[in-house]
$ cat work.cif   # mmCIF, C-alpha atoms
data_run
#
loop_
_atom_site.label_atom_id
_atom_site.label_comp_id
_atom_site.auth_asym_id
_atom_site.auth_seq_id
_atom_site.Cartn_x
_atom_site.Cartn_y
_atom_site.Cartn_z
CA MET A 1 8.86 20.06 135.98
CA ILE A 2 10.22 18.76 132.69
CA GLU A 3 11.14 21.50 130.26
CA SER A 4 8.48 21.64 127.58
CA VAL A 5 9.73 20.54 124.16
CA SER A 6 8.23 22.34 121.15
CA LEU A 7 6.99 20.32 118.18
CA LEU A 8 10.00 21.48 116.19
CA GLY A 9 12.08 20.37 119.17
CA PHE A 10 10.81 16.81 118.74
CA PHE A 11 11.93 16.85 115.10
CA THR A 12 15.35 18.24 116.05
CA LEU A 13 15.64 15.64 118.78
CA GLY A 14 14.87 12.94 116.20
CA LEU A 15 17.55 14.34 113.93
CA LEU A 16 20.10 14.32 116.76
CA VAL A 17 19.14 10.87 117.96
CA GLY A 18 19.08 9.56 114.37
CA PHE A 19 22.71 10.45 113.82
CA GLY A 20 23.92 10.04 117.40
CA HIS A 21 22.14 6.81 118.33
CA CYS A 22 20.09 5.10 115.57
CA VAL A 23 23.05 4.92 113.16
CA GLY A 24 24.66 2.55 115.65
CA MET A 25 21.69 0.63 117.03
CA CYS A 26 19.37 0.44 114.01
CA SER A 27 21.94 0.01 111.24
CA PRO A 28 21.58 -3.82 111.22
CA PHE A 29 17.88 -3.46 110.46
CA VAL A 30 18.58 -0.95 107.69
CA LEU A 31 20.99 -3.44 106.09
CA PHE A 32 18.49 -6.25 106.67
CA VAL A 33 15.65 -4.39 104.93
CA SER A 34 17.76 -3.70 101.83
CA ARG A 35 18.84 -7.32 101.60
CA ARG A 36 15.48 -8.88 102.45
CA TYR A 37 13.23 -6.79 100.24
CA VAL A 38 15.38 -5.68 97.31
CA PRO A 39 16.88 -8.27 94.95
CA ALA A 40 20.53 -7.91 94.02
CA THR A 41 19.43 -6.66 90.61
CA GLY A 42 17.23 -3.96 92.18
CA GLY A 43 18.58 -0.46 91.84
CA ARG A 44 18.89 2.47 94.15
CA GLY A 45 15.27 3.44 93.56
CA ALA A 46 14.08 0.05 94.82
CA VAL A 47 16.30 0.32 97.92
CA LEU A 48 15.02 3.82 98.64
CA ALA A 49 11.41 2.67 98.22
CA ALA A 50 11.92 -0.27 100.62
CA GLN A 51 13.62 1.98 103.16
CA LEU A 52 10.85 4.59 102.91
CA TRP A 53 8.23 1.90 103.54
CA TYR A 54 10.26 0.59 106.50
CA THR A 55 10.64 4.14 107.88
CA GLY A 56 6.93 4.72 107.40
CA GLY A 57 6.20 1.60 109.44
CA ARG A 58 8.49 2.75 112.25
CA ILE A 59 6.93 6.21 112.30
CA THR A 60 3.44 4.69 112.39
CA THR A 61 4.36 2.67 115.49
CA TYR A 62 6.00 5.70 117.14
CA THR A 63 2.88 7.76 116.38
CA LEU A 64 0.66 5.15 118.02
CA LEU A 65 2.96 5.01 121.05
CA GLY A 66 2.86 8.82 121.20
CA ALA A 67 -0.93 8.77 121.14
CA ILE A 68 -0.95 6.23 123.98
CA ALA A 69 1.61 8.28 125.95
CA GLY A 70 -0.40 11.48 125.51
CA GLY A 71 -3.60 9.67 126.41
CA VAL A 72 -2.31 7.72 129.41
CA GLY A 73 -0.64 10.80 130.89
CA SER A 74 1.79 8.82 133.03
CA ALA A 75 5.27 7.76 131.99
CA VAL A 76 5.45 5.17 134.74
CA ALA A 77 2.21 3.46 133.73
CA LEU A 78 3.21 3.57 130.09
CA ALA A 79 6.65 2.09 130.75
CA GLY A 80 5.16 -0.73 132.76
CA SER A 81 2.86 -1.75 129.95
CA LEU A 82 5.48 -1.42 127.21
CA LEU A 83 8.50 -3.14 128.71
CA GLY A 84 7.37 -6.74 128.29
CA LEU A 85 6.27 -6.13 124.72
CA GLN A 86 9.55 -4.47 123.82
CA ARG A 87 11.64 -7.28 125.33
CA ALA A 88 9.71 -9.77 123.23
CA ALA A 89 10.26 -7.61 120.15
CA ALA A 90 14.01 -7.55 120.82
CA VAL A 91 14.15 -11.35 121.12
CA VAL A 92 12.16 -11.92 117.93
CA ALA A 93 14.12 -9.31 115.96
CA GLY A 94 17.45 -10.66 117.26
CA ALA A 95 16.51 -14.23 116.38
CA ALA A 96 15.42 -13.16 112.90
CA LEU A 97 18.73 -11.35 112.33
CA VAL A 98 20.77 -14.32 113.58
CA ILE A 99 18.98 -16.88 111.43
CA TRP A 100 18.95 -14.58 108.44
CA ALA A 101 22.69 -13.96 108.73
CA LEU A 102 23.39 -17.67 109.22
CA VAL A 103 21.43 -18.45 106.07
CA ALA A 104 23.36 -15.79 104.16
CA LEU A 105 26.68 -17.08 105.49
CA SER A 106 25.83 -20.76 105.01
CA ASP A 107 27.53 -20.98 101.61
CA LEU A 108 30.85 -20.63 103.41
CA VAL A 109 30.35 -24.12 104.83
CA PRO A 110 30.61 -26.75 102.10
CA GLY A 111 27.40 -28.74 101.74
CA LEU A 112 25.45 -26.70 104.24
CA ALA A 113 23.77 -24.25 101.87
CA THR A 114 22.48 -26.95 99.54
CA GLY A 115 22.67 -30.16 101.52
CA GLY A 116 21.75 -29.16 105.06
CA ARG A 117 18.16 -30.32 105.21
CA LEU A 118 17.41 -29.05 108.69
CA PHE A 119 19.11 -25.76 107.94
CA GLY A 120 17.25 -25.46 104.65
CA LYS A 121 13.96 -26.06 106.42
CA VAL A 122 14.70 -23.44 109.08
CA ALA A 123 15.69 -20.95 106.40
CA ALA A 124 12.53 -21.63 104.38
CA ARG A 125 10.38 -21.26 107.48
CA LEU A 126 12.05 -18.01 108.39
CA ARG A 127 11.49 -16.60 104.93
CA GLY A 128 7.83 -17.38 105.38
CA ARG A 129 7.71 -15.75 108.82
CA VAL A 130 9.50 -12.46 108.19
CA PRO A 131 6.85 -9.95 107.12
CA GLY A 132 6.48 -9.80 103.36
CA HIS A 133 6.55 -6.03 103.19
CA PRO A 134 9.07 -3.55 104.64
CA TYR A 135 6.20 -1.46 106.06
CA ALA A 136 5.16 -4.40 108.26
CA THR A 137 8.78 -4.89 109.32
CA GLY A 138 8.95 -1.20 110.24
CA LEU A 139 5.73 -1.46 112.24
CA PHE A 140 7.20 -4.33 114.25
CA LEU A 141 10.71 -2.92 114.68
CA GLY A 142 9.27 0.34 115.97
CA LEU A 143 8.59 -1.64 119.13
CA LEU A 144 12.25 -2.39 119.84
CA PRO A 145 13.52 -1.23 123.26
CA CYS A 146 15.20 2.13 122.70
CA GLY A 147 16.41 4.59 125.34
CA PRO A 148 15.87 7.78 123.31
CA LEU A 149 12.38 6.60 122.33
CA TYR A 150 11.59 6.13 126.03
CA SER A 151 12.88 9.67 126.65
CA VAL A 152 10.68 11.14 123.95
CA LEU A 153 7.67 9.22 125.25
CA ILE A 154 8.30 10.62 128.72
CA ALA A 155 8.35 14.12 127.19
CA ALA A 156 5.19 13.34 125.18
CA VAL A 157 3.30 12.27 128.30
CA GLY A 158 2.96 15.90 129.32
CA ARG A 159 1.69 17.16 125.98
CA GLY A 160 -1.90 16.99 127.01
CA GLY A 161 -3.65 14.42 124.88
CA PRO A 162 -3.37 11.63 122.35
CA LEU A 163 -3.28 13.87 119.27
CA ALA A 164 -0.51 16.07 120.66
CA GLY A 165 1.46 12.99 121.76
CA ALA A 166 1.02 11.35 118.37
CA THR A 167 2.15 14.49 116.51
CA ALA A 168 5.23 14.81 118.72
CA LEU A 169 6.28 11.20 118.15
CA ALA A 170 5.56 11.37 114.41
CA LEU A 171 7.88 14.38 114.15
CA PHE A 172 10.50 12.58 116.22
CA GLY A 173 10.28 9.59 113.87
CA LEU A 174 10.59 11.82 110.82
CA GLY A 175 13.68 13.38 112.38
CA THR A 176 15.37 9.98 112.67
CA ALA A 177 14.84 9.25 108.96
CA PRO A 178 17.66 11.24 107.25
CA ALA A 179 20.44 9.43 109.11
CA LEU A 180 19.07 5.95 108.37
CA LEU A 181 18.18 6.75 104.75
CA GLY A 182 21.69 8.13 104.24
CA LEU A 183 23.14 4.97 105.74
CA SER A 184 21.02 2.74 103.50
CA LEU A 185 22.13 4.61 100.36
CA ALA A 186 25.78 4.39 101.45
CA ASP A 187 25.25 0.65 101.96
CA GLU A 188 23.76 0.34 98.49
CA LEU A 189 26.69 2.18 96.92
CA LEU A 190 29.49 0.60 98.96
CA ALA A 191 28.47 -2.78 100.33
CA ARG A 192 25.49 -4.58 98.86
CA HIS A 193 27.13 -5.30 95.49
CA ARG A 194 30.65 -5.95 96.75
CA ALA A 195 31.07 -9.54 97.82
CA PHE A 196 33.64 -9.02 100.55
CA VAL A 197 32.02 -5.95 102.11
CA ASN A 198 28.62 -7.62 101.87
CA ARG A 199 30.10 -10.60 103.72
CA LEU A 200 31.26 -8.26 106.47
CA SER A 201 27.72 -6.84 106.61
CA GLN A 202 26.36 -10.35 107.13
CA LEU A 203 28.78 -10.91 110.01
CA PHE A 204 27.69 -7.57 111.46
CA LEU A 205 24.04 -8.64 111.19
CA LEU A 206 24.91 -11.87 113.00
CA ALA A 207 26.73 -10.06 115.82
CA MET A 208 23.95 -7.50 116.28
CA GLY A 209 21.34 -10.24 116.17
CA VAL A 210 23.09 -12.01 119.03
CA TRP A 211 23.27 -8.70 120.89
CA PHE A 212 19.54 -8.00 120.50
CA LEU A 213 18.74 -11.56 121.60
CA TRP A 214 20.90 -11.09 124.68
CA ALA A 215 19.43 -7.64 125.42
CA GLY A 216 15.88 -8.96 125.11
CA LEU A 217 16.48 -12.04 127.26
CA ARG A 218 18.43 -10.10 129.88
CA GLY A 219 15.52 -7.68 130.22
CA MET B 1 30.61 4.09 87.03
CA LYS B 2 31.85 1.86 89.83
CA ARG B 3 34.39 4.47 90.86
CA GLY B 4 31.76 7.18 90.84
CA GLU B 5 29.48 5.04 92.99
CA THR B 6 32.29 4.39 95.45
CA LEU B 7 33.07 8.07 95.77
CA LEU B 8 29.41 8.91 96.23
CA GLY B 9 29.04 6.13 98.81
CA LEU B 10 32.09 7.32 100.71
CA LEU B 11 30.77 10.88 100.62
CA LEU B 12 27.43 9.73 102.05
CA LEU B 13 29.16 7.69 104.72
CA ALA B 14 31.31 10.71 105.62
CA LEU B 15 28.17 12.83 105.91
CA VAL B 16 26.54 10.27 108.20
CA LEU B 17 29.68 10.12 110.35
CA ALA B 18 29.86 13.93 110.44
CA GLY B 19 26.24 13.86 111.60
CA LEU B 20 27.17 11.39 114.31
CA PHE B 21 29.93 13.65 115.65
CA TRP B 22 27.62 16.68 115.39
CA ALA B 23 24.87 14.89 117.33
CA ARG B 24 27.24 13.67 120.04
CA ALA B 25 28.87 17.09 120.42
CA ARG B 26 25.55 18.97 120.45
CA GLY B 27 23.93 16.54 122.83
CA GLY B 28 26.78 17.05 125.26
CA THR B 29 26.84 13.32 125.82
CA GLY B 30 30.55 13.08 125.20
CA ALA B 31 31.08 15.46 128.09
CA ALA B 32 28.96 13.23 130.32
CA GLY B 33 31.70 10.61 130.33
CA THR B 34 31.80 8.17 133.22
CA GLY B 35 31.75 10.90 135.85
CA GLU B 36 34.54 9.35 137.91
CA GLY B 37 35.53 11.78 140.63
CA LEU B 38 32.11 13.44 140.81
CA PRO B 39 30.02 13.21 143.99
CA ASP B 40 28.19 9.86 143.91
CA LEU B 41 24.44 9.82 144.45
CA SER B 42 23.85 6.14 143.81
CA HIS B 43 23.14 5.13 147.40
CA ALA B 44 23.03 8.36 149.41
CA ASP B 45 22.51 12.09 148.99
CA ALA B 46 25.60 14.00 147.89
CA VAL B 47 27.13 17.44 148.25
CA ALA B 48 29.14 19.42 145.71
CA ASP B 49 31.52 21.88 147.33
CA LEU B 50 31.84 24.89 145.02
CA GLY B 51 33.91 27.04 147.38
CA ALA B 52 31.62 29.76 148.70
CA VAL B 53 28.53 27.65 148.13
CA ARG B 54 27.71 24.00 148.73
CA LEU B 55 24.92 22.37 146.72
CA ARG B 56 23.24 19.33 148.24
CA LEU B 57 21.30 16.97 146.00
CA ALA B 58 18.82 14.59 147.62
CA VAL B 59 16.72 11.93 145.90
CA THR B 60 13.67 10.05 147.14
CA PRO B 61 12.53 7.34 147.07
CA ARG B 62 15.43 4.92 146.89
CA PRO B 63 16.69 2.77 145.28
CA LEU B 64 17.11 4.72 142.08
CA THR B 65 15.43 2.83 139.26
CA ALA B 66 14.46 3.50 135.66
CA PHE B 67 10.83 4.22 134.80
CA ALA B 68 9.98 5.29 138.33
CA ALA B 69 9.18 8.77 139.53
CA HIS B 70 11.86 10.18 141.85
CA ARG B 71 11.90 13.54 143.56
CA TRP B 72 15.20 15.38 143.16
CA GLU B 73 15.71 18.20 145.64
CA VAL B 74 18.49 20.78 145.60
CA THR B 75 19.39 22.89 148.62
CA ALA B 76 22.22 25.36 149.01
CA GLU B 77 24.27 26.56 151.94
CA ALA B 78 26.95 29.21 152.36
CA GLY B 79 29.11 29.62 155.41
CA GLY B 80 27.36 26.71 157.07
CA ALA B 81 23.89 28.31 156.81
CA PRO B 82 21.13 27.51 154.35
CA VAL B 83 20.61 30.03 151.55
CA PRO B 84 17.60 30.13 149.25
CA LEU B 85 17.77 29.27 145.58
CA ALA B 86 16.49 32.08 143.34
CA ALA B 87 16.10 29.69 140.40
CA GLY B 88 17.45 26.38 139.29
CA ARG B 89 17.36 23.53 136.86
CA ILE B 90 18.59 19.97 136.70
CA SER B 91 19.45 17.94 133.62
CA PHE B 92 20.47 14.35 133.08
CA ALA B 93 22.74 12.77 130.47
CA MET B 94 24.67 9.58 129.90
CA ARG B 95 27.35 8.53 127.44
CA MET B 96 24.72 7.05 125.13
CA PRO B 97 22.62 9.87 123.59
CA MET B 98 19.29 9.60 125.39
CA GLY B 99 17.42 12.72 124.34
CA ASP B 100 16.67 15.77 126.47
CA HIS B 101 16.11 15.41 130.21
CA ASP B 102 15.96 19.01 131.40
CA TYR B 103 13.84 19.97 134.39
CA SER B 104 13.21 23.32 136.02
CA LEU B 105 13.29 23.24 139.82
CA GLU B 106 10.08 24.20 141.60
CA PRO B 107 10.64 26.22 144.81
CA THR B 108 10.26 24.26 148.04
CA PRO B 109 9.22 25.71 151.45
CA ASP B 110 12.78 25.39 152.80
CA GLY B 111 14.24 27.58 150.05
CA GLY B 112 15.43 24.76 147.85
CA GLY B 113 14.19 23.53 144.51
CA ALA B 114 12.75 20.19 143.46
CA ALA B 115 11.69 18.30 140.36
CA GLU B 116 9.92 15.01 139.82
CA VAL B 117 11.89 13.01 137.29
CA VAL B 118 11.38 9.76 135.41
CA LEU B 119 14.51 8.42 133.73
CA PRO B 120 14.45 5.78 131.01
CA ARG B 121 16.53 2.63 130.79
CA CYS B 122 19.22 2.40 128.15
CA ALA B 123 18.78 -0.74 126.05
CA SER B 124 22.57 -1.15 125.91
CA GLY B 125 22.65 -1.90 129.65
CA GLU B 126 24.45 1.34 130.50
CA ARG B 127 23.21 2.60 133.91
CA ARG B 128 25.56 5.50 134.72
CA TRP B 129 23.95 8.93 134.53
CA ILE B 130 25.35 12.39 135.17
CA ALA B 131 23.08 14.95 136.82
CA THR B 132 23.94 18.61 136.24
CA VAL B 133 22.49 21.17 138.64
CA GLU B 134 22.42 24.86 137.81
CA ALA B 135 21.28 27.04 140.67
CA THR B 136 21.20 30.77 141.18
CA VAL B 137 22.25 31.53 144.76
CA ALA B 138 22.68 35.10 146.03
CA GLY B 139 22.56 36.40 142.49
CA GLU B 140 25.25 34.08 141.18
CA LEU B 141 24.83 31.06 138.95
CA HIS B 142 26.47 27.91 140.31
CA ARG B 143 26.85 24.65 138.46
CA ALA B 144 27.60 21.22 139.89
CA ARG B 145 27.71 17.73 138.46
CA PHE B 146 26.92 14.46 140.21
CA ARG B 147 27.06 10.87 139.10
CA PHE B 148 24.84 7.93 139.91
CA ASP B 149 24.06 4.42 138.73
CA LEU B 150 20.49 3.25 138.39
CA GLU B 151 19.77 -0.11 139.97
CA PRO B 152 19.93 -2.99 137.49
CA PRO B 153 16.54 -4.24 136.34
CA ALA B 154 15.02 -7.03 138.40
CA PRO B 155 15.69 -10.49 136.92
CA THR B 156 12.93 -11.77 134.67
CA PRO B 157 11.09 -14.71 136.26
#

$ encode --input "work.cif" --output "structure tokens"
Amino acid sequence: MIESVSLLGFFTLGLLVGFGHCVGMCSPFVLFVSRRYVPATGGRGAVLAAQLWYTGGRITTYTLLGAIAGGVGSAVALAGSLLGLQRAAAVVAGAALVIWALVALSDLVPGLATGGRLFGKVAARLRGRVPGHPYATGLFLGLLPCGPLYSVLIAAVGRGGPLAGATALALFGLGTAPALLGLSLADELLARHRAFVNRLSQLFLLAMGVWFLWAGLRG
Amino acid sequence: MKRGETLLGLLLLALVLAGLFWARARGGTGAAGTGEGLPDLSHADAVADLGAVRLRLAVTPRPLTAFAAHRWEVTAEAGGAPVPLAAGRISFAMRMPMGDHDYSLEPTPDGGGAAEVVLPRCASGERRWIATVEATVAGELHRARFRFDLEPPAPTP
């Protein structure tokens, strides 16, 4: 039988996964949230607030998934019902990153940023489609396919009920927060206000967007 | 001001990177590696020869897929004869940190130990896992590692 993980163990696991996994896989979304929801003139406090809302959204989704896992009581049944949803989330999130990055990079192509009508329309539409609040973005991105999240859900299945599962996943989500909040503050201090580094960030967002699209479509 | 911000940013980044190395070292995922040279369980049961003791690891049903329950059974033999396991555990890791997958082995009627395991799929596409078996045989703890690849997911219609 699977070794029982204590509630503190779920937090520790989140901490480990946050630094060991999320820093790589979720960093594009951290950069995206800072750029989408905080104007260039916004300070560190505004970035921290946006990131806390985003984190809160993610944790809310994890908590709901934990409640379902604890309630369903079967990792196999849970996985079957989640996989399609998570693939779709990866495609949508990847597409949003790609278009967002292309819009940000469009001023590199003369005439495109101001004169490209089609491009302008796509950009305007996208701005209207991306959730208007980082909490909503966090709620949605909590559904992204994620190996460690699957692992924690498998462990939560055996916790004996929706409340226990929800608590376990909420603690896991909280554990992932320090790494991503640290990354967002480093981004604010090092990249967001430096044109060249910010440009590199946009290229990174583009590359990761393509990757998420590919991962979602590949299944 | 700008210089102070840069230093603070670099310090934060260094802390995040230190955390990354800490997490990877503590999770033991770096040690998982690719497992080349380990007994391969992907398509058939495998045996690890530890000198005095041989540990056999069998998995059913096949093929090995993510998000499906598989029964992992460990049996031991010494000098060509089966010997009972006093206790045992099996854990799974891959290069990508995937959380804890530690299972205690329940005794089986033939003296072995078994666990029902569900492994997740890594979103990166990585499918190579390393299984580590720890079994107490005749009062001594033996440890063996095996490698296997999960089957790729079925193509989406």

$ interface_residues --input "work.cif" --of "chain B" --to "chain A" --cutoff "9 Å" --atoms "all atoms listed in the file" --output "ChimeraX atom specification"
/B:2,5-13,15-24,26-27,67-69,96-106,114-125,153-156

$ write_last_selection --input "work.cif" --atoms "C-alpha atoms" --output "PDB file, keeping the file's coordinate frame"
ATOM      1  CA  LYS B   2      31.850   1.860  89.830  1.00  0.00           C
ATOM      2  CA  GLU B   5      29.480   5.040  92.990  1.00  0.00           C
ATOM      3  CA  THR B   6      32.290   4.390  95.450  1.00  0.00           C
ATOM      4  CA  LEU B   7      33.070   8.070  95.770  1.00  0.00           C
ATOM      5  CA  LEU B   8      29.410   8.910  96.230  1.00  0.00           C
ATOM      6  CA  GLY B   9      29.040   6.130  98.810  1.00  0.00           C
ATOM      7  CA  LEU B  10      32.090   7.320 100.710  1.00  0.00           C
ATOM      8  CA  LEU B  11      30.770  10.880 100.620  1.00  0.00           C
ATOM      9  CA  LEU B  12      27.430   9.730 102.050  1.00  0.00           C
ATOM     10  CA  LEU B  13      29.160   7.690 104.720  1.00  0.00           C
ATOM     11  CA  LEU B  15      28.170  12.830 105.910  1.00  0.00           C
ATOM     12  CA  VAL B  16      26.540  10.270 108.200  1.00  0.00           C
ATOM     13  CA  LEU B  17      29.680  10.120 110.350  1.00  0.00           C
ATOM     14  CA  ALA B  18      29.860  13.930 110.440  1.00  0.00           C
ATOM     15  CA  GLY B  19      26.240  13.860 111.600  1.00  0.00           C
ATOM     16  CA  LEU B  20      27.170  11.390 114.310  1.00  0.00           C
ATOM     17  CA  PHE B  21      29.930  13.650 115.650  1.00  0.00           C
ATOM     18  CA  TRP B  22      27.620  16.680 115.390  1.00  0.00           C
ATOM     19  CA  ALA B  23      24.870  14.890 117.330  1.00  0.00           C
ATOM     20  CA  ARG B  24      27.240  13.670 120.040  1.00  0.00           C
ATOM     21  CA  ARG B  26      25.550  18.970 120.450  1.00  0.00           C
ATOM     22  CA  GLY B  27      23.930  16.540 122.830  1.00  0.00           C
ATOM     23  CA  PHE B  67      10.830   4.220 134.800  1.00  0.00           C
ATOM     24  CA  ALA B  68       9.980   5.290 138.330  1.00  0.00           C
ATOM     25  CA  ALA B  69       9.180   8.770 139.530  1.00  0.00           C
ATOM     26  CA  MET B  96      24.720   7.050 125.130  1.00  0.00           C
ATOM     27  CA  PRO B  97      22.620   9.870 123.590  1.00  0.00           C
ATOM     28  CA  MET B  98      19.290   9.600 125.390  1.00  0.00           C
ATOM     29  CA  GLY B  99      17.420  12.720 124.340  1.00  0.00           C
ATOM     30  CA  ASP B 100      16.670  15.770 126.470  1.00  0.00           C
ATOM     31  CA  HIS B 101      16.110  15.410 130.210  1.00  0.00           C
ATOM     32  CA  ASP B 102      15.960  19.010 131.400  1.00  0.00           C
ATOM     33  CA  TYR B 103      13.840  19.970 134.390  1.00  0.00           C
ATOM     34  CA  SER B 104      13.210  23.320 136.020  1.00  0.00           C
ATOM     35  CA  LEU B 105      13.290  23.240 139.820  1.00  0.00           C
ATOM     36  CA  GLU B 106      10.080  24.200 141.600  1.00  0.00           C
ATOM     37  CA  ALA B 114      12.750  20.190 143.460  1.00  0.00           C
ATOM     38  CA  ALA B 115      11.690  18.300 140.360  1.00  0.00           C
ATOM     39  CA  GLU B 116       9.920  15.010 139.820  1.00  0.00           C
ATOM     40  CA  VAL B 117      11.890  13.010 137.290  1.00  0.00           C
ATOM     41  CA  VAL B 118      11.380   9.760 135.410  1.00  0.00           C
ATOM     42  CA  LEU B 119      14.510   8.420 133.730  1.00  0.00           C
ATOM     43  CA  PRO B 120      14.450   5.780 131.010  1.00  0.00           C
ATOM     44  CA  ARG B 121      16.530   2.630 130.790  1.00  0.00           C
ATOM     45  CA  CYS B 122      19.220   2.400 128.150  1.00  0.00           C
ATOM     46  CA  ALA B 123      18.780  -0.740 126.050  1.00  0.00           C
ATOM     47  CA  SER B 124      22.570  -1.150 125.910  1.00  0.00           C
ATOM     48  CA  GLY B 125      22.650  -1.900 129.650  1.00  0.00           C
ATOM     49  CA  PRO B 153      16.540  -4.240 136.340  1.00  0.00           C
ATOM     50  CA  ALA B 154      15.020  -7.030 138.400  1.00  0.00           C
ATOM     51  CA  PRO B 155      15.690 -10.490 136.920  1.00  0.00           C
ATOM     52  CA  THR B 156      12.930 -11.770 134.670  1.00  0.00           C
TER      53      THR B 156
END

$ atom_distance --input "work.cif" --atom1 "CA of Arg159 (chain A)" --atom2 "CA of Ile59 (chain A)"
18.3 Å

$ closest_residue --input "work.cif" --among "A:Phe140, A:Trp100, A:Trp214, A:Phe196" --to "Tyr62 (chain A)" --atoms "all atoms listed in the file"
A:Phe140

$ atom_distance --input "work.cif" --atom1 "CA of Leu163 (chain A)" --atom2 "CA of Ala67 (chain A)"
5.9 Å

$ resolve_selection --input "work.cif" --expression "the PyMOL selection byres ((chain A and resi 41-57) around 6)" --output "ChimeraX atom specification"
/A:34,38-40,58-60,134-135,138-139

$ residues_near_point --input "work.cif" --point "(11.6, 29.7, 151.4)" --cutoff "10 Å" --atoms "all atoms listed in the file" --output "ChimeraX atom specification"
/B:83-86,107-113

$ atom_distance --input "work.cif" --atom1 "CA of Ala44 (chain B)" --atom2 "CA of Val59 (chain B)"
8.1 Å

$ residues_around --input "work.cif" --residues "Leu97 (chain A)" --least-positions-apart "4" --cutoff "10 Å" --atoms "all atoms listed in the file" --output "ChimeraX atom specification"
/A:28-29,32,91-93,101-103,202,204-210,212-213

$ resolve_selection --input "work.cif" --expression "the PyMOL selection byres ((chain B and resi 88) around 6)" --output "PyMOL selection string"
chain B and resi 87+89+105+134-135

$ closest_residue --input "work.cif" --among "B:Gly51, B:Leu38, B:Thr60, B:Thr136" --to "Thr75 (chain B)" --atoms "only C-alpha atoms"
B:Thr136

$ build_atoms --input "work.cif" --residues "region 142-155 of chain A" --atoms "N, CA and C atoms" --output "PDB file, in the frame of the given file"
ATOM      1  N   GLY A 142       9.518  -0.871 115.189  1.00  0.00           N
ATOM      2  CA  GLY A 142       9.270   0.340 115.970  1.00  0.00           C
ATOM      3  C   GLY A 142       9.052   0.037 117.445  1.00  0.00           C
ATOM      4  N   LEU A 143       8.823  -1.240 117.733  1.00  0.00           N
ATOM      5  CA  LEU A 143       8.590  -1.640 119.130  1.00  0.00           C
ATOM      6  C   LEU A 143       9.862  -2.018 119.871  1.00  0.00           C
ATOM      7  N   LEU A 144      11.000  -1.986 119.171  1.00  0.00           N
ATOM      8  CA  LEU A 144      12.250  -2.390 119.840  1.00  0.00           C
ATOM      9  C   LEU A 144      12.557  -1.504 121.044  1.00  0.00           C
ATOM     10  N   PRO A 145      13.131  -2.072 122.101  1.00  0.00           N
ATOM     11  CA  PRO A 145      13.520  -1.230 123.260  1.00  0.00           C
ATOM     12  C   PRO A 145      14.552  -0.194 122.817  1.00  0.00           C
ATOM     13  N   CYS A 146      14.324   1.049 123.183  1.00  0.00           N
ATOM     14  CA  CYS A 146      15.200   2.130 122.700  1.00  0.00           C
ATOM     15  C   CYS A 146      15.176   3.268 123.710  1.00  0.00           C
ATOM     16  N   GLY A 147      16.332   3.557 124.307  1.00  0.00           N
ATOM     17  CA  GLY A 147      16.410   4.590 125.340  1.00  0.00           C
ATOM     18  C   GLY A 147      15.879   5.948 124.889  1.00  0.00           C
ATOM     19  N   PRO A 148      16.361   6.472 123.742  1.00  0.00           N
ATOM     20  CA  PRO A 148      15.870   7.780 123.310  1.00  0.00           C
ATOM     21  C   PRO A 148      14.368   7.781 123.052  1.00  0.00           C
ATOM     22  N   LEU A 149      13.836   6.661 122.550  1.00  0.00           N
ATOM     23  CA  LEU A 149      12.380   6.600 122.330  1.00  0.00           C
ATOM     24  C   LEU A 149      11.649   6.708 123.669  1.00  0.00           C
ATOM     25  N   TYR A 150      12.176   6.017 124.685  1.00  0.00           N
ATOM     26  CA  TYR A 150      11.590   6.130 126.030  1.00  0.00           C
ATOM     27  C   TYR A 150      11.595   7.602 126.468  1.00  0.00           C
ATOM     28  N   SER A 151      12.749   8.263 126.216  1.00  0.00           N
ATOM     29  CA  SER A 151      12.880   9.670 126.650  1.00  0.00           C
ATOM     30  C   SER A 151      11.826  10.534 125.986  1.00  0.00           C
ATOM     31  N   VAL A 152      11.638  10.326 124.692  1.00  0.00           N
ATOM     32  CA  VAL A 152      10.680  11.140 123.950  1.00  0.00           C
ATOM     33  C   VAL A 152       9.260  10.835 124.418  1.00  0.00           C
ATOM     34  N   LEU A 153       8.999   9.575 124.742  1.00  0.00           N
ATOM     35  CA  LEU A 153       7.670   9.220 125.250  1.00  0.00           C
ATOM     36  C   LEU A 153       7.409   9.900 126.595  1.00  0.00           C
ATOM     37  N   ILE A 154       8.451   9.947 127.424  1.00  0.00           N
ATOM     38  CA  ILE A 154       8.300  10.620 128.720  1.00  0.00           C
ATOM     39  C   ILE A 154       7.964  12.100 128.491  1.00  0.00           C
ATOM     40  N   ALA A 155       8.635  12.712 127.498  1.00  0.00           N
ATOM     41  CA  ALA A 155       8.350  14.120 127.190  1.00  0.00           C
ATOM     42  C   ALA A 155       6.950  14.271 126.606  1.00  0.00           C
TER      43      ALA A 155
END
